[in-house]
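Asker: Please find query-v1.tsv (TSV, C-alpha atoms) on the next line:
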```tsv
chain	number	residue	atom	x	y	z
P	24	MET	CA	103.61	-54.63	90.61
P	25	ASP	CA	106.98	-54.74	88.83
P	26	ASN	CA	106.40	-53.93	85.17
P	27	ALA	CA	109.73	-55.51	84.24
P	28	ALA	CA	108.75	-58.92	85.57
P	29	SER	CA	106.74	-61.31	83.42
P	30	ILE	CA	105.19	-63.14	86.39
P	31	ASN	CA	104.09	-61.45	89.58
P	32	VAL	CA	102.70	-63.28	92.58
P	33	ALA	CA	100.41	-61.72	95.17
P	34	VAL	CA	98.82	-63.27	98.24
P	35	ARG	CA	95.44	-62.14	99.52
P	36	ILE	CA	94.30	-63.30	102.95
P	37	ARG	CA	90.57	-63.45	103.40
P	38	PRO	CA	88.99	-62.45	106.73
P	39	ALA	CA	87.81	-65.12	109.12
P	40	THR	CA	84.18	-66.16	108.98
P	41	GLU	CA	81.91	-65.76	112.00
P	42	SER	CA	82.40	-69.38	113.05
P	43	GLU	CA	86.17	-69.13	112.63
P	44	ALA	CA	86.38	-65.83	114.50
P	45	ALA	CA	84.48	-67.34	117.43
P	46	ARG	CA	87.12	-70.06	117.74
P	47	LEU	CA	90.15	-67.77	117.49
P	48	PRO	CA	91.77	-66.46	120.69
P	49	ASP	CA	91.07	-62.87	121.61
P	50	PRO	CA	94.37	-60.95	121.23
P	51	LEU	CA	93.23	-58.41	123.84
P	52	ASP	CA	92.44	-61.02	126.47
P	53	THR	CA	95.49	-61.26	128.76
P	54	SER	CA	93.72	-62.68	131.78
P	55	ARG	CA	93.69	-66.22	130.44
P	56	THR	CA	97.13	-67.75	130.90
P	57	PHE	CA	96.40	-70.96	129.02
P	58	PHE	CA	93.57	-72.43	127.01
P	59	GLY	CA	92.75	-75.40	129.24
P	60	ASP	CA	89.89	-75.96	131.69
P	61	GLY	CA	91.91	-75.33	134.84
P	62	HIS	CA	92.28	-78.96	135.98
P	63	LEU	CA	95.78	-80.37	136.35
P	64	THR	CA	94.78	-83.91	137.33
P	65	THR	CA	92.52	-84.68	134.36
P	66	GLN	CA	92.89	-84.57	130.64
P	67	VAL	CA	92.39	-81.17	129.11
P	68	ARG	CA	88.87	-80.82	127.79
P	69	PRO	CA	88.24	-79.27	124.39
P	70	SER	CA	86.96	-75.73	124.50
P	71	THR	CA	85.20	-73.67	121.85
P	72	PHE	CA	87.45	-70.76	122.76
P	73	GLY	CA	90.95	-70.85	121.37
P	74	GLN	CA	90.58	-74.02	119.29
P	75	LEU	CA	92.17	-72.23	116.33
P	76	ARG	CA	95.13	-69.91	115.99
P	77	ASN	CA	96.48	-67.68	113.27
P	78	ILE	CA	99.04	-69.47	111.10
P	79	ILE	CA	99.91	-66.52	108.83
P	80	ALA	CA	101.73	-63.33	109.67
P	81	TYR	CA	102.50	-60.76	106.98
P	82	GLU	CA	104.29	-57.48	106.50
P	83	GLU	CA	103.78	-54.56	104.11
P	84	ASP	CA	107.00	-55.31	102.20
P	85	GLY	CA	105.47	-58.47	100.72
P	86	SER	CA	106.94	-60.97	103.16
P	87	LEU	CA	104.76	-63.66	104.69
P	88	ILE	CA	105.51	-65.95	107.63
P	89	TYR	CA	103.82	-69.32	107.58
P	90	ASP	CA	103.15	-71.00	110.91
P	91	PRO	CA	104.74	-68.26	113.05
P	92	MET	CA	105.80	-68.79	116.63
P	93	ASP	CA	102.85	-68.21	118.94
P	94	PRO	CA	103.47	-65.49	121.55
P	95	GLN	CA	101.83	-67.65	124.20
P	96	VAL	CA	103.82	-70.78	123.49
P	97	GLU	CA	103.63	-72.26	126.96
P	98	ALA	CA	99.87	-71.71	127.19
P	99	LEU	CA	99.27	-73.34	123.83
P	100	TYR	CA	101.38	-76.38	124.75
P	101	ARG	CA	99.43	-76.93	127.94
P	102	ALA	CA	96.06	-76.47	126.23
P	103	LYS	CA	96.78	-79.10	123.63
P	104	GLY	CA	98.59	-81.52	125.92
P	105	TYR	CA	101.92	-81.32	124.09
P	106	LEU	CA	105.37	-81.92	125.49
P	107	PRO	CA	106.76	-79.46	128.04
P	108	PRO	CA	107.63	-75.99	126.78
P	109	GLY	CA	110.91	-75.68	124.95
P	110	THR	CA	110.21	-78.09	122.11
P	111	TYR	CA	110.05	-76.26	118.77
P	112	ARG	CA	106.77	-77.14	117.09
P	113	TYR	CA	106.34	-74.22	114.69
P	114	LYS	CA	107.71	-74.02	111.17
P	115	HIS	CA	108.09	-70.21	111.19
P	116	ARG	CA	109.04	-70.09	107.51
P	117	LYS	CA	109.29	-66.75	105.75
P	118	TYR	CA	108.49	-66.21	102.07
P	119	GLN	CA	108.80	-63.17	99.87
P	120	TYR	CA	106.10	-62.15	97.38
P	121	ASP	CA	105.49	-59.17	95.16
P	122	GLN	CA	102.35	-58.17	97.08
P	123	VAL	CA	100.61	-59.32	100.26
P	124	PHE	CA	97.08	-58.12	100.99
P	125	GLY	CA	95.55	-58.37	104.43
P	126	PRO	CA	91.92	-59.14	105.26
P	127	LYS	CA	90.90	-55.45	105.28
P	128	VAL	CA	92.18	-54.59	101.79
P	129	THR	CA	89.45	-53.52	99.36
P	130	GLN	CA	88.72	-54.97	95.92
P	131	GLN	CA	89.75	-51.72	94.24
P	132	GLU	CA	93.13	-51.71	95.96
P	133	VAL	CA	93.79	-55.28	94.85
P	134	PHE	CA	92.99	-54.27	91.26
P	135	GLU	CA	95.19	-51.16	91.41
P	136	ARG	CA	98.24	-53.08	92.60
P	137	THR	CA	97.89	-56.25	90.52
P	138	THR	CA	95.79	-56.05	87.35
P	139	ARG	CA	95.80	-52.40	86.33
P	140	PRO	CA	99.47	-52.41	85.13
P	141	LEU	CA	98.55	-55.18	82.66
P	142	LEU	CA	96.27	-52.85	80.68
P	143	ASP	CA	99.25	-50.84	79.38
P	144	GLY	CA	100.58	-53.96	77.70
P	145	ILE	CA	97.16	-55.04	76.42
P	146	LEU	CA	96.74	-51.81	74.46
P	147	ASP	CA	100.29	-52.25	73.11
P	148	GLY	CA	99.55	-55.75	71.83
P	149	TYR	CA	100.87	-57.92	74.68
P	150	ASN	CA	98.78	-60.71	76.15
P	151	GLY	CA	98.05	-60.73	79.87
P	152	THR	CA	96.72	-63.28	82.35
P	153	VAL	CA	95.29	-62.98	85.85
P	154	PHE	CA	94.79	-66.06	88.05
P	155	ALA	CA	92.98	-66.48	91.32
P	156	TYR	CA	94.52	-69.58	92.89
P	157	GLY	CA	93.95	-71.25	96.21
P	158	ALA	CA	92.13	-73.88	98.21
P	159	THR	CA	88.39	-74.39	98.10
P	160	GLY	CA	86.47	-71.81	100.11
P	161	CYS	CA	89.23	-69.19	100.29
P	162	GLY	CA	87.41	-66.49	98.31
P	163	LYS	CA	88.75	-66.73	94.74
P	164	THR	CA	85.38	-66.05	93.09
P	165	HIS	CA	84.84	-63.04	95.35
P	166	THR	CA	88.18	-61.57	94.25
P	167	ILE	CA	87.55	-62.16	90.54
P	168	SER	CA	83.79	-61.60	90.14
P	169	GLY	CA	82.77	-60.01	93.41
P	170	THR	CA	79.16	-59.22	94.19
P	171	PRO	CA	76.71	-56.64	92.78
P	172	SER	CA	77.45	-54.38	95.76
P	173	ASP	CA	81.20	-55.09	95.84
P	174	PRO	CA	82.39	-55.93	92.30
P	175	GLY	CA	85.69	-57.68	91.78
P	176	ILE	CA	88.65	-57.48	89.44
P	177	ILE	CA	86.62	-58.10	86.28
P	178	TYR	CA	84.43	-55.02	86.68
P	179	ALA	CA	87.33	-52.77	87.71
P	180	THR	CA	89.42	-54.01	84.78
P	181	MET	CA	86.69	-53.43	82.21
P	182	ALA	CA	85.86	-49.99	83.62
P	183	GLU	CA	89.49	-48.96	83.29
P	184	LEU	CA	89.79	-50.52	79.83
P	185	PHE	CA	86.75	-48.73	78.42
P	186	GLN	CA	87.97	-45.47	79.91
P	187	ARG	CA	91.31	-45.84	78.13
P	188	ILE	CA	89.56	-46.78	74.90
P	189	GLU	CA	87.52	-43.59	75.12
P	190	GLU	CA	90.70	-41.56	75.53
P	191	ARG	CA	92.15	-43.10	72.34
P	192	ARG	CA	88.98	-42.97	70.27
P	193	GLU	CA	90.10	-39.99	68.17
P	194	ASP	CA	93.26	-41.77	66.96
P	195	TYR	CA	92.38	-45.48	67.03
P	196	ILE	CA	89.54	-47.83	66.25
P	197	ILE	CA	89.42	-50.34	69.10
P	198	ASP	CA	87.14	-53.36	69.12
P	199	VAL	CA	86.49	-55.42	72.26
P	200	SER	CA	84.95	-58.87	72.37
P	201	LEU	CA	84.84	-61.49	75.09
P	202	SER	CA	84.11	-65.15	75.69
P	203	PHE	CA	83.34	-66.95	78.92
P	204	LEU	CA	83.85	-70.68	79.40
P	205	GLU	CA	84.41	-73.31	82.06
P	206	ILE	CA	86.63	-76.39	82.07
P	207	TYR	CA	84.85	-79.17	83.96
P	208	ASN	CA	86.49	-82.59	84.15
P	209	GLU	CA	88.68	-81.64	81.17
P	210	GLU	CA	85.58	-80.72	79.13
P	211	ILE	CA	85.11	-77.19	77.79
P	212	ARG	CA	81.65	-75.66	78.25
P	213	ASP	CA	80.35	-72.31	77.04
P	214	LEU	CA	78.95	-70.20	79.89
P	215	LEU	CA	77.39	-67.64	77.54
P	216	VAL	CA	74.98	-70.17	76.01
P	217	PRO	CA	71.69	-70.53	77.92
P	218	PRO	CA	70.90	-74.10	78.99
P	219	GLY	CA	68.94	-76.02	76.37
P	220	SER	CA	69.39	-73.52	73.52
P	221	ALA	CA	72.57	-74.99	72.02
P	222	PRO	CA	75.26	-77.55	72.89
P	223	ARG	CA	77.27	-76.12	75.76
P	224	GLY	CA	79.85	-78.86	76.30
P	225	GLY	CA	82.31	-80.90	74.30
P	226	LEU	CA	83.97	-77.92	72.63
P	227	ALA	CA	87.35	-78.58	71.03
P	228	ILE	CA	90.54	-76.51	71.11
P	229	ARG	CA	92.02	-75.54	67.75
P	230	GLU	CA	95.28	-73.85	66.77
P	231	ASP	CA	95.15	-71.89	63.51
P	232	SER	CA	97.89	-70.96	61.03
P	233	SER	CA	98.65	-67.73	62.90
P	234	ASN	CA	99.39	-69.71	66.07
P	235	ARG	CA	96.23	-68.55	67.80
P	236	VAL	CA	94.60	-70.99	70.19
P	237	THR	CA	90.83	-70.86	69.83
P	238	VAL	CA	87.83	-72.92	70.92
P	239	ALA	CA	85.64	-74.07	68.05
P	240	GLY	CA	82.00	-73.04	68.41
P	241	LEU	CA	82.59	-70.72	71.36
P	242	MET	CA	80.21	-67.76	71.53
P	243	GLU	CA	81.67	-64.24	71.59
P	244	VAL	CA	79.85	-61.06	72.57
P	245	VAL	CA	80.72	-57.39	72.03
P	246	PRO	CA	80.11	-55.46	75.25
P	247	LYS	CA	79.52	-51.71	75.32
P	248	ASN	CA	80.50	-50.92	78.92
P	249	ALA	CA	81.78	-52.43	82.14
P	250	ALA	CA	78.32	-52.82	83.65
P	251	GLU	CA	77.29	-55.05	80.74
P	252	VAL	CA	80.38	-57.20	81.24
P	253	ASN	CA	79.65	-57.51	84.94
P	254	SER	CA	76.08	-58.67	84.27
P	255	ILE	CA	77.35	-61.19	81.69
P	256	VAL	CA	79.83	-62.62	84.19
P	257	GLN	CA	77.29	-62.79	87.00
P	258	GLU	CA	74.85	-64.62	84.72
P	259	GLY	CA	77.59	-66.95	83.50
P	260	ASN	CA	78.55	-67.82	87.07
P	261	THR	CA	75.01	-69.07	87.67
P	262	ARG	CA	75.58	-71.65	84.90
P	263	ARG	CA	78.92	-72.71	86.32
P	264	THR	CA	79.13	-76.18	87.83
P	265	GLN	CA	78.88	-75.97	91.63
P	266	SER	CA	78.37	-78.64	94.27
P	267	PRO	CA	78.40	-78.63	98.08
P	268	THR	CA	81.32	-80.30	99.85
P	269	HIS	CA	82.46	-80.60	103.44
P	270	ALA	CA	84.91	-77.77	102.82
P	271	ASN	CA	82.59	-75.35	101.00
P	272	ALA	CA	78.80	-75.32	100.60
P	273	THR	CA	79.08	-73.53	97.22
P	274	SER	CA	82.26	-75.09	95.87
P	275	SER	CA	83.03	-74.38	92.21
P	276	ARG	CA	83.93	-77.64	90.49
P	277	SER	CA	85.37	-76.09	87.32
P	278	HIS	CA	87.83	-73.47	86.11
P	279	ALA	CA	86.13	-70.33	84.76
P	280	VAL	CA	88.02	-68.51	81.99
P	281	LEU	CA	87.03	-65.04	80.78
P	282	GLN	CA	89.00	-63.96	77.71
P	283	ILE	CA	88.83	-60.34	76.55
P	284	ASN	CA	90.09	-59.78	72.98
P	285	VAL	CA	91.23	-56.26	72.09
P	286	THR	CA	91.90	-55.29	68.46
P	287	GLN	CA	93.37	-51.86	67.71
P	288	ARG	CA	94.10	-50.09	64.43
P	289	PRO	CA	94.77	-46.41	63.55
P	290	ARG	CA	91.97	-44.30	62.07
P	291	THR	CA	94.32	-42.64	59.59
P	292	PRO	CA	95.17	-45.23	56.91
P	293	GLY	CA	98.75	-45.56	55.78
P	294	ILE	CA	100.62	-47.48	53.13
P	295	THR	CA	100.39	-50.54	55.34
P	296	GLU	CA	97.66	-51.02	57.88
P	297	GLU	CA	98.95	-51.66	61.38
P	298	CYS	CA	96.77	-53.75	63.62
P	299	THR	CA	97.52	-55.00	67.12
P	300	MET	CA	95.67	-57.82	68.85
P	301	ALA	CA	95.93	-58.87	72.47
P	302	THR	CA	94.01	-61.10	74.85
P	303	LEU	CA	93.49	-60.55	78.55
P	304	SER	CA	92.55	-63.78	80.34
P	305	ILE	CA	90.98	-63.57	83.79
P	306	ILE	CA	90.71	-66.99	85.39
P	307	ASP	CA	88.90	-68.16	88.49
P	308	LEU	CA	90.51	-71.52	89.16
P	309	ALA	CA	88.71	-74.29	90.96
P	310	GLY	CA	89.96	-74.80	94.49
P	311	SER	CA	92.53	-77.44	95.36
P	312	GLU	CA	91.45	-79.89	98.03
P	313	ARG	CA	92.44	-83.09	99.80
P	314	ALA	CA	90.02	-85.96	99.31
P	315	SER	CA	91.01	-87.54	102.61
P	316	ALA	CA	90.07	-84.39	104.52
P	317	THR	CA	87.01	-83.28	102.53
P	318	LYS	CA	85.65	-86.87	102.55
P	319	ASN	CA	84.50	-86.53	98.95
P	320	MET	CA	83.26	-89.71	97.32
P	321	GLY	CA	81.96	-90.78	93.93
P	322	LYS	CA	81.39	-87.89	91.53
P	323	ARG	CA	82.86	-85.29	93.90
P	324	MET	CA	86.08	-87.33	94.19
P	325	VAL	CA	86.41	-87.56	90.40
P	326	GLU	CA	85.91	-83.80	90.14
P	327	GLY	CA	88.54	-83.16	92.79
P	328	ALA	CA	91.02	-85.46	91.06
P	329	ASN	CA	90.59	-83.63	87.74
P	330	ILE	CA	90.89	-80.26	89.47
P	331	ASN	CA	94.13	-81.20	91.20
P	332	LYS	CA	95.48	-82.74	87.99
P	333	SER	CA	94.93	-79.57	85.96
P	334	LEU	CA	96.33	-77.38	88.75
P	335	LEU	CA	99.44	-79.57	88.83
P	336	ALA	CA	99.81	-79.16	85.06
P	337	LEU	CA	99.49	-75.39	85.44
P	338	GLY	CA	102.12	-75.36	88.17
P	339	ASN	CA	104.50	-77.45	86.08
P	340	CYS	CA	104.14	-75.03	83.16
P	341	ILE	CA	104.80	-71.97	85.29
P	342	ASN	CA	107.74	-73.59	87.03
P	343	ALA	CA	109.25	-74.49	83.65
P	344	LEU	CA	108.70	-70.93	82.39
P	345	CYS	CA	110.41	-69.53	85.48
P	346	GLU	CA	113.59	-71.52	84.76
P	347	PRO	CA	114.69	-70.19	81.36
P	348	LYS	CA	118.30	-71.31	81.85
P	349	THR	CA	117.34	-74.96	81.81
P	350	ARG	CA	115.33	-74.56	78.58
P	351	ALA	CA	112.98	-77.23	79.80
P	352	HIS	CA	110.06	-78.46	77.74
P	353	ILE	CA	106.87	-76.56	78.59
P	354	PRO	CA	104.12	-79.21	79.01
P	355	TYR	CA	101.21	-77.14	77.69
P	356	ARG	CA	99.34	-80.20	76.38
P	357	ASN	CA	99.02	-81.89	79.75
P	358	SER	CA	95.64	-80.23	80.35
P	359	LYS	CA	92.96	-78.26	78.51
P	360	LEU	CA	93.61	-75.23	80.71
P	361	THR	CA	97.32	-74.92	79.93
P	362	ARG	CA	96.78	-75.60	76.24
P	363	LEU	CA	94.13	-72.87	76.05
P	364	LEU	CA	96.51	-70.44	77.76
P	365	LYS	CA	99.59	-71.46	75.77
P	366	PHE	CA	100.18	-67.96	74.37
P	367	SER	CA	98.97	-66.22	77.53
P	368	LEU	CA	101.64	-67.66	79.82
P	369	GLY	CA	104.96	-67.75	78.00
P	370	GLY	CA	106.74	-65.38	75.65
P	371	ASN	CA	106.39	-61.65	76.25
P	372	CYS	CA	103.03	-61.79	78.00
P	373	ARG	CA	102.57	-60.73	81.62
P	374	THR	CA	101.00	-62.89	84.28
P	375	VAL	CA	99.60	-62.02	87.69
P	376	MET	CA	98.79	-64.78	90.16
P	377	ILE	CA	96.68	-63.91	93.18
P	378	SER	CA	97.01	-66.72	95.69
P	379	LYS	CA	94.22	-66.85	98.21
P	380	GLY	CA	94.64	-68.03	101.78
P	381	ASN	CA	93.19	-67.92	105.25
P	382	GLN	CA	94.84	-67.17	108.56
P	383	ASP	CA	93.47	-69.86	110.86
P	384	GLU	CA	94.78	-73.41	111.19
P	385	GLY	CA	91.35	-75.01	110.82
P	386	PHE	CA	91.30	-74.01	107.15
P	387	GLU	CA	94.58	-75.74	106.32
P	388	LYS	CA	93.30	-79.28	106.88
P	389	TYR	CA	91.53	-79.23	103.51
P	390	HIS	CA	94.68	-78.64	101.47
P	391	GLY	CA	97.66	-79.70	103.56
P	392	ARG	CA	99.93	-78.19	106.14
P	393	ARG	CA	101.65	-75.88	103.67
P	394	PRO	CA	99.19	-74.58	101.04
P	395	ALA	CA	100.16	-75.70	97.56
P	396	CYS	CA	99.01	-72.41	96.06
P	397	TRP	CA	102.06	-70.69	97.60
P	398	SER	CA	104.63	-72.98	96.00
P	399	ILE	CA	103.58	-72.63	92.37
P	400	CYS	CA	106.05	-69.92	91.39
P	401	ARG	CA	109.71	-69.16	91.84
P	402	SER	CA	108.98	-66.25	94.20
P	403	ASP	CA	107.92	-68.74	96.88
P	404	GLN	CA	111.37	-69.44	98.23
P	405	PRO	CA	112.30	-69.24	101.90
P	406	SER	CA	114.21	-66.07	102.61
```
Taking this structure as input, can you express it in the form of structure tokens?

Answerer:
Amino acid sequence: MDNAASINVAVRIRPATESEAARLPDPLDTSRTFFGDGHLTTQVRPSTFGQLRNIIAYEEDGSLIYDPMDPQVEALYRAKGYLPPGTYRYKHRKYQYDQVFGPKVTQQEVFERTTRPLLDGILDGYNGTVFAYGATGCGKTHTISGTPSDPGIIYATMAELFQRIEERREDYIIDVSLSFLEIYNEEIRDLLVPPGSAPRGGLAIREDSSNRVTVAGLMEVVPKNAAEVNSIVQEGNTRRTQSPTHANATSSRSHAVLQINVTQRPRTPGITEECTMATLSIIDLAGSERASATKNMGKRMVEGANINKSLLALGNCINALCEPKTRAHIPYRNSKLTRLLKFSLGGNCRTVMISKGNQDEGFEKYHGRRPACWSICRSDQPS
């Protein structure tokens, strides 16, 4: 991660599922010259083998090729009944990112190369934001929250933060508090409040005299260690709004926002008391999706429309922030998400966006030929 840049974009490619892997061609199988059924006089029959192909190629320098040229072009044309070989049917577009992580990269490595550099600024009083962005079912929640056996960015971040706090304990008094909320259909709900004990939804955003954006009535807790934070997040995720769709059986229908507030002041009092405050926001965004492909109807369609609307507002804000020469208006008020993160996106804060994707072409039908999550920032420009 480049510490001098205010916005860094990383792409993480999740591994193929068992069903996807069964439909991908075997790269070691050279005996099969084309993916048809061997008959030249009849229409090619569909086969379970080779129905999908990899549409992403990446390199260690952060470059990513979308829809690369297939090495067995002629075989693929014949299998799908396309025009004779020679017609260019692949986009083969190359993009440059700050980081690209393959399917075998561990959670700890993703944290080390994306989120860990933000902690230096947090302890110096600079806000920081981490997004997990991508289509539904691409593994955003796994990257952010993880599982009890394989924790994600939240646990690694809090473990590192508490370790640094312990190293500064002799010189500074550092207080840490956190809140956990979801934005569902443009309504803010508290994920720390157990169901039935208090009103969870309908919370309002307020901006105080010190230009701090807060949520009225939002519960805050003071954790003691990273394990406690991880258990809080795992419990909060069980209260998050989820519904099955054609694209994902456990699709999250809301944006989850974890905000960690760090207040630091010296132990030795002076003539004037110096106090620094910073907020680290870790956000698991709801997945973008195409209603025509997911076949959502009724309530699911309304949820998808609100999700795409807020993601569009977020993209517009980041695009405006990435073009300082134009001095364009930053439309923070177009959604609850961007208004809540008003002081965690612009100014001198640092932002990391982890765009999630999948390699096979069967996944792309739910969010378009070219995934929208890769065009949200200025770094997504063809090289």

Asker: Nearest to Ser277 (chain P): which of P:Asn234, P:Ser29, P:Thr159, P:Asn357 is it, counting only C-alpha atoms?

Answerer: P:Thr159

Asker: Taking 3 positions as the minimum chain separation for residues in the same chain, which residues sit within 9 Å of Ile196 (chain P) when counting all atoms listed in the file? Answer as an MDAnalysis selection string.

Answerer: chainID P and resid 188 191:193 286:290

Asker: May I ask for the distance between CA of Arg116 (chain P) and CA of Ala80 (chain P), given in Å to one decimal place?

Answerer: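 Spanning CA of Arg116 (chain P) to CA of Ala80 (chain P) is a straight-line distance of 10.2 Å.
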
Asker: I'd like to know which of P:Ala301, P:Leu281, P:Leu334, P:Met324 is closest to Ile176 (chain P), using only C-alpha atoms.

Answerer: P:Leu281

Asker: Write out as a ChimeraX atom specification each polymer residue whose atoms come within 12 Å of Val325 (chain P), counting only C-alpha atoms; drop sequence neighbours fewer than 4 positions from it.

Answerer: /P:207-209,276-277,312,314,319-321,329-332

Asker: In Å, with one decimal, what is the gap from CA of Glu243 (chain P) to CA of Leu303 (chain P)?

Answerer: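 About the pair CA of Glu243 (chain P) and CA of Leu303 (chain P): they are 14.2 Å apart.
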
Asker: Leaving out Glu135 (chain P) and any residue of its chain fewer than 5 positions from it, which residues lie within 9 Å of it when counting all atoms listed in the file, given as a list of chain:residue names?

Answerer: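 The residues that qualify are P:Gln130, P:Pro140, P:Ala179.
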
Asker: Which neighbours of Thr138 (chain P) fall inside 12 Å, counting only C-alpha atoms, when residues of the same chain fewer than 5 positions from it are skipped, and could you give them as a ChimeraX atom specification?

Answerer: /P:24-26,30-33,122,130-133,143-145,151-155,166-167,175-181,183-184,303-305,373-377

Asker: Which of these residues is nearest to Arg356 (chain P), using only C-alpha atoms: P:Glu205, P:Ala343, P:Leu337, P:Gly125?

Answerer: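 Selected residue with least distance to Arg356 (chain P): P:Leu337.
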
Asker: Quick one: pull the distance between CA of Ala182 (chain P) and CA of Lys127 (chain P), Å, one decimal.

Answerer: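 Interatomic distance, CA of Ala182 (chain P) to CA of Lys127 (chain P): 22.9 Å.
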
Asker: Can you work out which one of P:Ile306, P:Leu204, P:Glu82, P:Thr261 has the shortest atom-to-atom distance to Gly225 (chain P), counting only C-alpha atoms?

Answerer: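 Ranked by minimum distance to Gly225 (chain P), first place goes to P:Leu204.
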
Asker: Where's the centre, and what are the edge lengths in Å to one decimal, of a box along x, y and z enclosing all listed atoms of region 291-310 of chain P padded 4 Å per side, as AutoDock Vina command-line options?

Answerer:
```
--center_x 94.7 --center_y -58.7 --center_z 73.8 --size_x 19.9 --size_y 40.2 --size_z 49.4
```

Asker: If you count only C-alpha atoms, which residues fall within 10 Å of Glu230 (chain P), apart from same-chain ones fewer than 6 positions away, as a list in words?

Answerer: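 So the residues in contact are Val236, Thr237, Val238, Ala239, Arg362 and Leu363 of chain P.
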